[in-house]
$ cat model_38.txt   # compact mmCIF, C-alpha atoms
# COMPACT_ATOMS: atom_id res chain seq x y z
CA MET N 1 5.63 14.71 -76.60
CA LYS N 2 8.07 15.04 -73.76
CA ASP N 3 5.91 17.72 -72.06
CA ASN N 4 2.94 15.35 -72.24
CA LYS N 5 4.85 12.64 -70.29
CA ILE N 6 5.86 15.16 -67.65
CA LEU N 7 2.28 16.37 -67.24
CA LYS N 8 1.02 12.77 -67.05
CA LEU N 9 3.65 11.92 -64.41
CA ALA N 10 2.81 15.07 -62.42
CA PHE N 11 -0.90 14.21 -62.54
CA VAL N 12 -0.26 10.61 -61.36
CA LEU N 13 1.91 11.85 -58.49
CA PHE N 14 -0.76 14.42 -57.57
CA VAL N 15 -3.45 11.71 -57.48
CA ILE N 16 -1.27 9.44 -55.35
CA CYS N 17 -0.54 12.28 -52.92
CA ALA N 18 -4.21 13.30 -52.76
CA VAL N 19 -5.36 9.72 -52.07
CA THR N 20 -2.65 9.25 -49.43
CA ALA N 21 -3.54 12.55 -47.73
CA GLY N 22 -7.21 11.60 -47.80
CA VAL N 23 -6.55 8.20 -46.23
CA LEU N 24 -4.36 9.77 -43.53
CA GLY N 25 -7.06 12.36 -42.83
CA ILE N 26 -9.70 9.65 -42.45
CA VAL N 27 -7.47 7.55 -40.17
CA ASN N 28 -6.74 10.64 -38.06
CA ALA N 29 -10.44 11.45 -37.78
CA LEU N 30 -11.24 7.87 -36.77
CA THR N 31 -8.47 7.55 -34.16
CA TYR N 32 -8.16 11.09 -32.75
CA GLN N 33 -10.77 10.72 -30.00
CA ARG N 34 -9.44 7.34 -28.85
CA ILE N 35 -5.87 8.63 -28.68
CA TYR N 36 -7.05 11.73 -26.80
CA ASP N 37 -9.07 9.60 -24.36
CA MET N 38 -6.12 7.27 -23.73
CA ALA N 39 -3.75 10.19 -23.07
CA HIS N 40 -6.31 11.81 -20.77
CA ALA N 41 -6.79 8.53 -18.86
CA LYS N 42 -3.00 8.13 -18.53
CA GLU N 43 -2.78 11.63 -17.10
CA PHE N 44 -5.49 11.00 -14.51
CA GLU N 45 -3.86 7.69 -13.55
CA ALA N 46 -0.68 9.68 -12.91
CA TYR N 47 -2.68 12.08 -10.71
CA ALA N 48 -3.82 9.15 -8.58
CA VAL N 49 -0.25 7.88 -8.27
CA VAL N 50 1.09 11.18 -6.90
CA LEU N 51 -1.91 12.22 -4.78
CA LYS N 52 -4.86 9.98 -4.03
CA SER N 53 -8.30 11.58 -4.19
CA ASP N 54 -11.50 9.59 -3.84
CA SER N 55 -13.65 12.39 -5.21
CA GLY N 56 -11.48 13.69 -8.07
CA TYR N 57 -9.70 16.94 -8.82
CA ALA N 58 -10.67 20.48 -9.81
CA GLU N 59 -8.54 22.95 -11.73
CA VAL N 60 -7.15 25.94 -9.84
CA GLU N 61 -6.30 29.28 -11.41
CA PHE N 62 -2.71 30.44 -10.95
CA GLU N 63 -0.39 33.17 -12.22
CA GLU N 64 0.87 31.49 -15.40
CA GLU N 65 3.36 34.26 -16.14
CA GLY N 66 5.30 33.49 -12.97
CA PHE N 67 5.46 29.74 -13.71
CA PRO N 68 5.96 29.25 -17.45
CA THR N 69 6.67 25.50 -17.20
CA VAL N 70 3.50 24.78 -15.19
CA ASP N 71 0.63 23.61 -17.41
CA SER N 72 -2.06 23.23 -14.76
CA ILE N 73 -2.70 22.96 -11.04
CA MET N 74 -5.45 20.67 -9.84
CA ILE N 75 -6.74 20.61 -6.26
CA SER N 76 -7.92 17.37 -4.74
CA ASN N 77 -11.63 17.53 -4.00
CA ASP N 78 -10.76 15.65 -0.78
CA GLY N 79 -8.75 18.70 0.32
CA ASN N 80 -5.51 16.75 0.83
CA GLY N 81 -3.34 18.65 -1.65
CA TYR N 82 -2.63 19.57 -5.25
CA VAL N 83 -1.40 17.95 -8.45
CA VAL N 84 0.79 20.11 -10.67
CA LYS N 85 1.31 19.20 -14.32
CA SER N 86 4.37 20.75 -15.93
CA THR N 87 6.31 20.52 -19.16
CA PHE N 88 10.00 21.40 -19.09
CA SER N 89 13.23 20.78 -20.99
CA GLY N 90 15.22 17.64 -20.30
CA ALA N 91 18.43 16.45 -21.92
CA GLN N 92 16.84 15.31 -25.20
CA GLY N 93 13.58 17.24 -25.36
CA ASN N 94 10.53 18.06 -23.30
CA ILE N 95 9.43 16.12 -20.22
CA THR N 96 5.82 16.20 -19.07
CA MET N 97 5.41 15.33 -15.41
CA VAL N 98 2.87 15.54 -12.61
CA CYS N 99 3.91 16.30 -9.06
CA GLY N 100 1.76 15.87 -5.98
CA VAL N 101 2.05 18.59 -3.32
CA ASP N 102 0.36 18.25 0.06
CA ASN N 103 -1.04 21.09 2.16
CA ASP N 104 2.29 21.36 4.02
CA LEU N 105 4.02 22.12 0.69
CA LYS N 106 5.83 18.79 0.55
CA CYS N 107 6.07 16.56 -2.49
CA THR N 108 3.84 13.47 -2.28
CA GLY N 109 5.27 11.88 -5.42
CA ILE N 110 6.08 12.40 -9.08
CA SER N 111 5.04 10.63 -12.25
CA ILE N 112 6.58 11.27 -15.64
CA ILE N 113 3.86 11.09 -18.29
CA GLU N 114 5.87 11.74 -21.43
CA HIS N 115 9.53 12.20 -22.30
CA SER N 116 12.12 11.77 -25.03
CA GLU N 117 15.13 11.10 -22.81
CA THR N 118 17.94 8.72 -23.74
CA SER N 119 17.10 5.07 -23.14
CA GLY N 120 19.07 3.64 -20.23
CA LEU N 121 20.06 7.09 -18.96
CA GLY N 122 17.47 9.86 -18.54
CA ALA N 123 14.62 7.50 -19.45
CA VAL N 124 15.28 5.63 -16.19
CA ALA N 125 13.54 8.51 -14.39
CA ALA N 126 10.24 7.34 -15.88
CA ALA N 127 10.95 3.60 -15.96
CA SER N 128 9.12 1.07 -13.82
CA SER N 129 12.48 -0.49 -12.93
CA SER N 130 13.82 -0.49 -9.38
CA ALA N 131 16.26 2.31 -10.31
CA GLY N 132 13.43 4.46 -11.68
CA GLU N 133 11.21 3.80 -8.67
CA ALA N 134 14.09 4.56 -6.29
CA PHE N 135 14.82 7.83 -8.12
CA ARG N 136 11.18 8.98 -7.94
CA ALA N 137 10.81 7.86 -4.30
CA GLN N 138 13.54 10.32 -3.24
CA PHE N 139 11.19 13.23 -3.94
CA ILE N 140 8.51 12.16 -1.48
CA GLY N 141 8.52 14.43 1.57
CA GLN N 142 10.84 17.03 0.00
CA ASP N 143 9.97 20.72 0.31
CA GLY N 144 10.71 23.77 -1.85
CA SER N 145 14.40 23.74 -0.93
CA ILE N 146 14.86 20.48 -2.83
CA ALA N 147 18.24 20.06 -4.56
CA LEU N 148 20.55 17.42 -5.94
CA SER N 149 23.10 15.99 -3.49
CA LYS N 150 25.96 17.56 -5.49
CA ASN N 151 24.34 20.92 -4.66
CA GLY N 152 23.89 20.12 -0.96
CA GLY N 153 20.43 18.52 -1.26
CA ALA N 154 19.06 15.05 -0.66
CA ILE N 155 18.35 13.92 -4.24
CA ASP N 156 20.86 11.55 -5.82
CA ALA N 157 21.13 12.09 -9.59
CA LEU N 158 20.67 9.21 -11.99
CA ALA N 159 24.03 7.89 -13.17
CA GLY N 160 24.84 9.49 -16.52
CA ALA N 161 21.68 11.60 -16.48
CA THR N 162 22.58 14.72 -14.55
CA ILE N 163 20.65 17.01 -16.91
CA THR N 164 17.45 14.97 -16.55
CA SER N 165 17.90 14.72 -12.77
CA THR N 166 18.47 18.47 -12.49
CA ALA N 167 15.44 19.21 -14.67
CA VAL N 168 13.12 16.94 -12.66
CA THR N 169 14.39 18.35 -9.36
CA GLY N 170 13.85 21.90 -10.61
CA ALA N 171 10.35 21.03 -11.81
CA VAL N 172 9.44 19.68 -8.36
CA ALA N 173 10.71 22.90 -6.73
CA THR N 174 8.71 24.95 -9.26
CA SER N 175 5.59 22.85 -8.60
CA ILE N 176 5.85 23.47 -4.87
CA ALA N 177 6.37 27.22 -5.44
CA ALA N 178 3.35 27.31 -7.79
CA VAL N 179 1.14 25.65 -5.18
CA ASP N 180 2.47 28.05 -2.54
CA SER N 181 1.45 30.96 -4.78
CA VAL N 182 -2.21 29.81 -4.91
CA ASN N 183 -2.54 29.27 -1.16
$ encode --input "model_38.txt" --output "structure tokens"
Amino acid sequence: MKDNKILKLAFVLFVICAVTAGVLGIVNALTYQRIYDMAHAKEFEAYAVVLKSDSGYAEVEFEEEGFPTVDSIMISNDGNGYVVKSTFSGAQGNITMVCGVDNDLKCTGISIIEHSETSGLGAVAAASSSAGEAFRAQFIGQDGSIALSKNGGAIDALAGATITSTAVTGAVATSIAAVDSVN
């Protein structure tokens, strides 16, 4: 009798799990394309922020082995520079960022697409606040020798977010080096 109750309970739990998995699968199938399209649109909006191009961008081949944090390099069809997408480690997880690089190998801007940094500290790097905008504006016009001010460079770290600031600064230097390697 007791075994019968256990089997009945196991069967009920199996049915509940199967129905739940089925519903989640259906919701995923219905929303996947929209989520993908929204993420793709957000990425291309970031491209336009860091390097304007009236006629779009085209992907450029590069030596991936030499630049493991670089996801892609896009060239502006207008011929005014490149957009480098990279994913690298921050203080709390990965940061995905795009960096514009002009033909003189200078940063034209950065835009952080995705991050998991601490709110109020590292997350300020991506925020639309005046502190976030001021932090990102420091990168414009910088070349491959970019460094934080504590290391003799011109970039002031975010207060309480030295790891994030160091990671972003390093990613900009890597982006410039990656573009230099394809020229």
$ closest_residue --input "model_38.txt" --among "N:Asp54, N:Val60, N:Ile95, N:Leu7" --to "Asn77 in chain N" --atoms "all atoms listed in the file"
N:Asp54
$ closest_residue --input "model_38.txt" --among "N:Leu148, N:Val179, N:Val168, N:Ala157" --to "Gly100 in chain N" --atoms "only C-alpha atoms"
N:Val179
$ closest_residue --input "model_38.txt" --among "N:Asp180, N:Glu64, N:Asp3, N:Asp156" --to "Leu105 in chain N" --atoms "all atoms listed in the file"
N:Asp180
$ residues_around --input "model_38.txt" --residues "range 158-161 of chain N" --least-positions-apart "4" --cutoff "12 Å" --atoms "all atoms listed in the file" --output "PyMOL selection string"
chain N and resi 90-92+117-127+131-136+138+148-150+165-169
$ residues_around --input "model_38.txt" --residues "Asn94 in chain N" --least-positions-apart "5" --cutoff "7 Å" --atoms "only C-alpha atoms" --output "list in words"
Thr87, Phe88, Ser89, His115 and Ser116 of chain N
$ closest_residue --input "model_38.txt" --among "N:Ile110, N:Leu30, N:Ile16, N:Met97" --to "Leu51 in chain N" --atoms "only C-alpha atoms"
N:Ile110
$ closest_residue --input "model_38.txt" --among "N:Ala41, N:Ser76, N:Val70, N:Gly81" --to "Ser175 in chain N" --atoms "all atoms listed in the file"
N:Val70
$ atom_distance --input "model_38.txt" --atom1 "CA of His40 in chain N" --atom2 "CA of Gly109 in chain N"
19.2 Å
$ closest_residue --input "model_38.txt" --among "N:Ala137, N:Ile176, N:Ile35, N:Ile146" --to "Asp104 in chain N" --atoms "all atoms listed in the file"
N:Ile176
$ atom_distance --input "model_38.txt" --atom1 "CA of Asn183 in chain N" --atom2 "CA of Asn151 in chain N"
28.4 Å
$ build_atoms --input "model_38.txt" --residues "range 74-96 of chain N" --atoms "N, CA and C atoms" --output "PDB file, keeping the file's coordinate frame"
ATOM      1  N   MET N  74      -4.178  21.264 -10.208  1.00  0.00           N
ATOM      2  CA  MET N  74      -5.450  20.670  -9.840  1.00  0.00           C
ATOM      3  C   MET N  74      -5.470  20.500  -8.318  1.00  0.00           C
ATOM      4  N   ILE N  75      -6.597  20.821  -7.694  1.00  0.00           N
ATOM      5  CA  ILE N  75      -6.740  20.610  -6.260  1.00  0.00           C
ATOM      6  C   ILE N  75      -7.554  19.341  -6.054  1.00  0.00           C
ATOM      7  N   SER N  76      -7.164  18.573  -5.077  1.00  0.00           N
ATOM      8  CA  SER N  76      -7.920  17.370  -4.740  1.00  0.00           C
ATOM      9  C   SER N  76      -9.247  17.790  -4.112  1.00  0.00           C
ATOM     10  N   ASN N  77     -10.328  17.216  -4.583  1.00  0.00           N
ATOM     11  CA  ASN N  77     -11.630  17.530  -4.000  1.00  0.00           C
ATOM     12  C   ASN N  77     -11.744  17.007  -2.564  1.00  0.00           C
ATOM     13  N   ASP N  78     -10.816  16.124  -2.161  1.00  0.00           N
ATOM     14  CA  ASP N  78     -10.760  15.650  -0.780  1.00  0.00           C
ATOM     15  C   ASP N  78     -10.077  16.649   0.132  1.00  0.00           C
ATOM     16  N   GLY N  79      -9.420  17.667  -0.460  1.00  0.00           N
ATOM     17  CA  GLY N  79      -8.750  18.700   0.320  1.00  0.00           C
ATOM     18  C   GLY N  79      -7.386  18.293   0.857  1.00  0.00           C
ATOM     19  N   ASN N  80      -6.790  17.220   0.293  1.00  0.00           N
ATOM     20  CA  ASN N  80      -5.510  16.750   0.830  1.00  0.00           C
ATOM     21  C   ASN N  80      -4.289  17.242   0.042  1.00  0.00           C
ATOM     22  N   GLY N  81      -4.489  18.117  -0.939  1.00  0.00           N
ATOM     23  CA  GLY N  81      -3.340  18.650  -1.650  1.00  0.00           C
ATOM     24  C   GLY N  81      -3.628  18.987  -3.086  1.00  0.00           C
ATOM     25  N   TYR N  82      -2.556  19.111  -3.872  1.00  0.00           N
ATOM     26  CA  TYR N  82      -2.630  19.570  -5.250  1.00  0.00           C
ATOM     27  C   TYR N  82      -1.822  18.635  -6.156  1.00  0.00           C
ATOM     28  N   VAL N  83      -2.183  18.640  -7.424  1.00  0.00           N
ATOM     29  CA  VAL N  83      -1.400  17.950  -8.450  1.00  0.00           C
ATOM     30  C   VAL N  83      -1.019  19.015  -9.480  1.00  0.00           C
ATOM     31  N   VAL N  84       0.274  19.126  -9.731  1.00  0.00           N
ATOM     32  CA  VAL N  84       0.790  20.110 -10.670  1.00  0.00           C
ATOM     33  C   VAL N  84       1.327  19.385 -11.900  1.00  0.00           C
ATOM     34  N   LYS N  85       0.812  19.747 -13.056  1.00  0.00           N
ATOM     35  CA  LYS N  85       1.310  19.200 -14.320  1.00  0.00           C
ATOM     36  C   LYS N  85       2.234  20.242 -14.926  1.00  0.00           C
ATOM     37  N   SER N  86       3.426  19.808 -15.330  1.00  0.00           N
ATOM     38  CA  SER N  86       4.370  20.750 -15.930  1.00  0.00           C
ATOM     39  C   SER N  86       5.087  20.105 -17.102  1.00  0.00           C
ATOM     40  N   THR N  87       5.527  20.952 -18.007  1.00  0.00           N
ATOM     41  CA  THR N  87       6.310  20.520 -19.160  1.00  0.00           C
ATOM     42  C   THR N  87       7.575  21.366 -19.172  1.00  0.00           C
ATOM     43  N   PHE N  88       8.720  20.701 -19.188  1.00  0.00           N
ATOM     44  CA  PHE N  88      10.000  21.400 -19.090  1.00  0.00           C
ATOM     45  C   PHE N  88      11.042  20.681 -19.927  1.00  0.00           C
ATOM     46  N   SER N  89      12.164  21.334 -20.157  1.00  0.00           N
ATOM     47  CA  SER N  89      13.230  20.780 -20.990  1.00  0.00           C
ATOM     48  C   SER N  89      14.081  19.789 -20.217  1.00  0.00           C
ATOM     49  N   GLY N  90      14.301  18.640 -20.840  1.00  0.00           N
ATOM     50  CA  GLY N  90      15.220  17.640 -20.300  1.00  0.00           C
ATOM     51  C   GLY N  90      16.482  17.649 -21.145  1.00  0.00           C
ATOM     52  N   ALA N  91      17.199  16.533 -21.150  1.00  0.00           N
ATOM     53  CA  ALA N  91      18.430  16.450 -21.920  1.00  0.00           C
ATOM     54  C   ALA N  91      18.159  16.308 -23.417  1.00  0.00           C
ATOM     55  N   GLN N  92      17.104  15.604 -23.792  1.00  0.00           N
ATOM     56  CA  GLN N  92      16.840  15.310 -25.200  1.00  0.00           C
ATOM     57  C   GLN N  92      15.559  15.924 -25.743  1.00  0.00           C
ATOM     58  N   GLY N  93      14.838  16.649 -24.932  1.00  0.00           N
ATOM     59  CA  GLY N  93      13.580  17.240 -25.360  1.00  0.00           C
ATOM     60  C   GLY N  93      12.720  17.540 -24.151  1.00  0.00           C
ATOM     61  N   ASN N  94      11.429  17.721 -24.394  1.00  0.00           N
ATOM     62  CA  ASN N  94      10.530  18.060 -23.300  1.00  0.00           C
ATOM     63  C   ASN N  94      10.141  16.845 -22.461  1.00  0.00           C
ATOM     64  N   ILE N  95       9.920  17.109 -21.179  1.00  0.00           N
ATOM     65  CA  ILE N  95       9.430  16.120 -20.220  1.00  0.00           C
ATOM     66  C   ILE N  95       8.119  16.662 -19.679  1.00  0.00           C
ATOM     67  N   THR N  96       7.087  15.832 -19.681  1.00  0.00           N
ATOM     68  CA  THR N  96       5.820  16.200 -19.070  1.00  0.00           C
ATOM     69  C   THR N  96       5.665  15.349 -17.818  1.00  0.00           C
TER      70      THR N  96
END
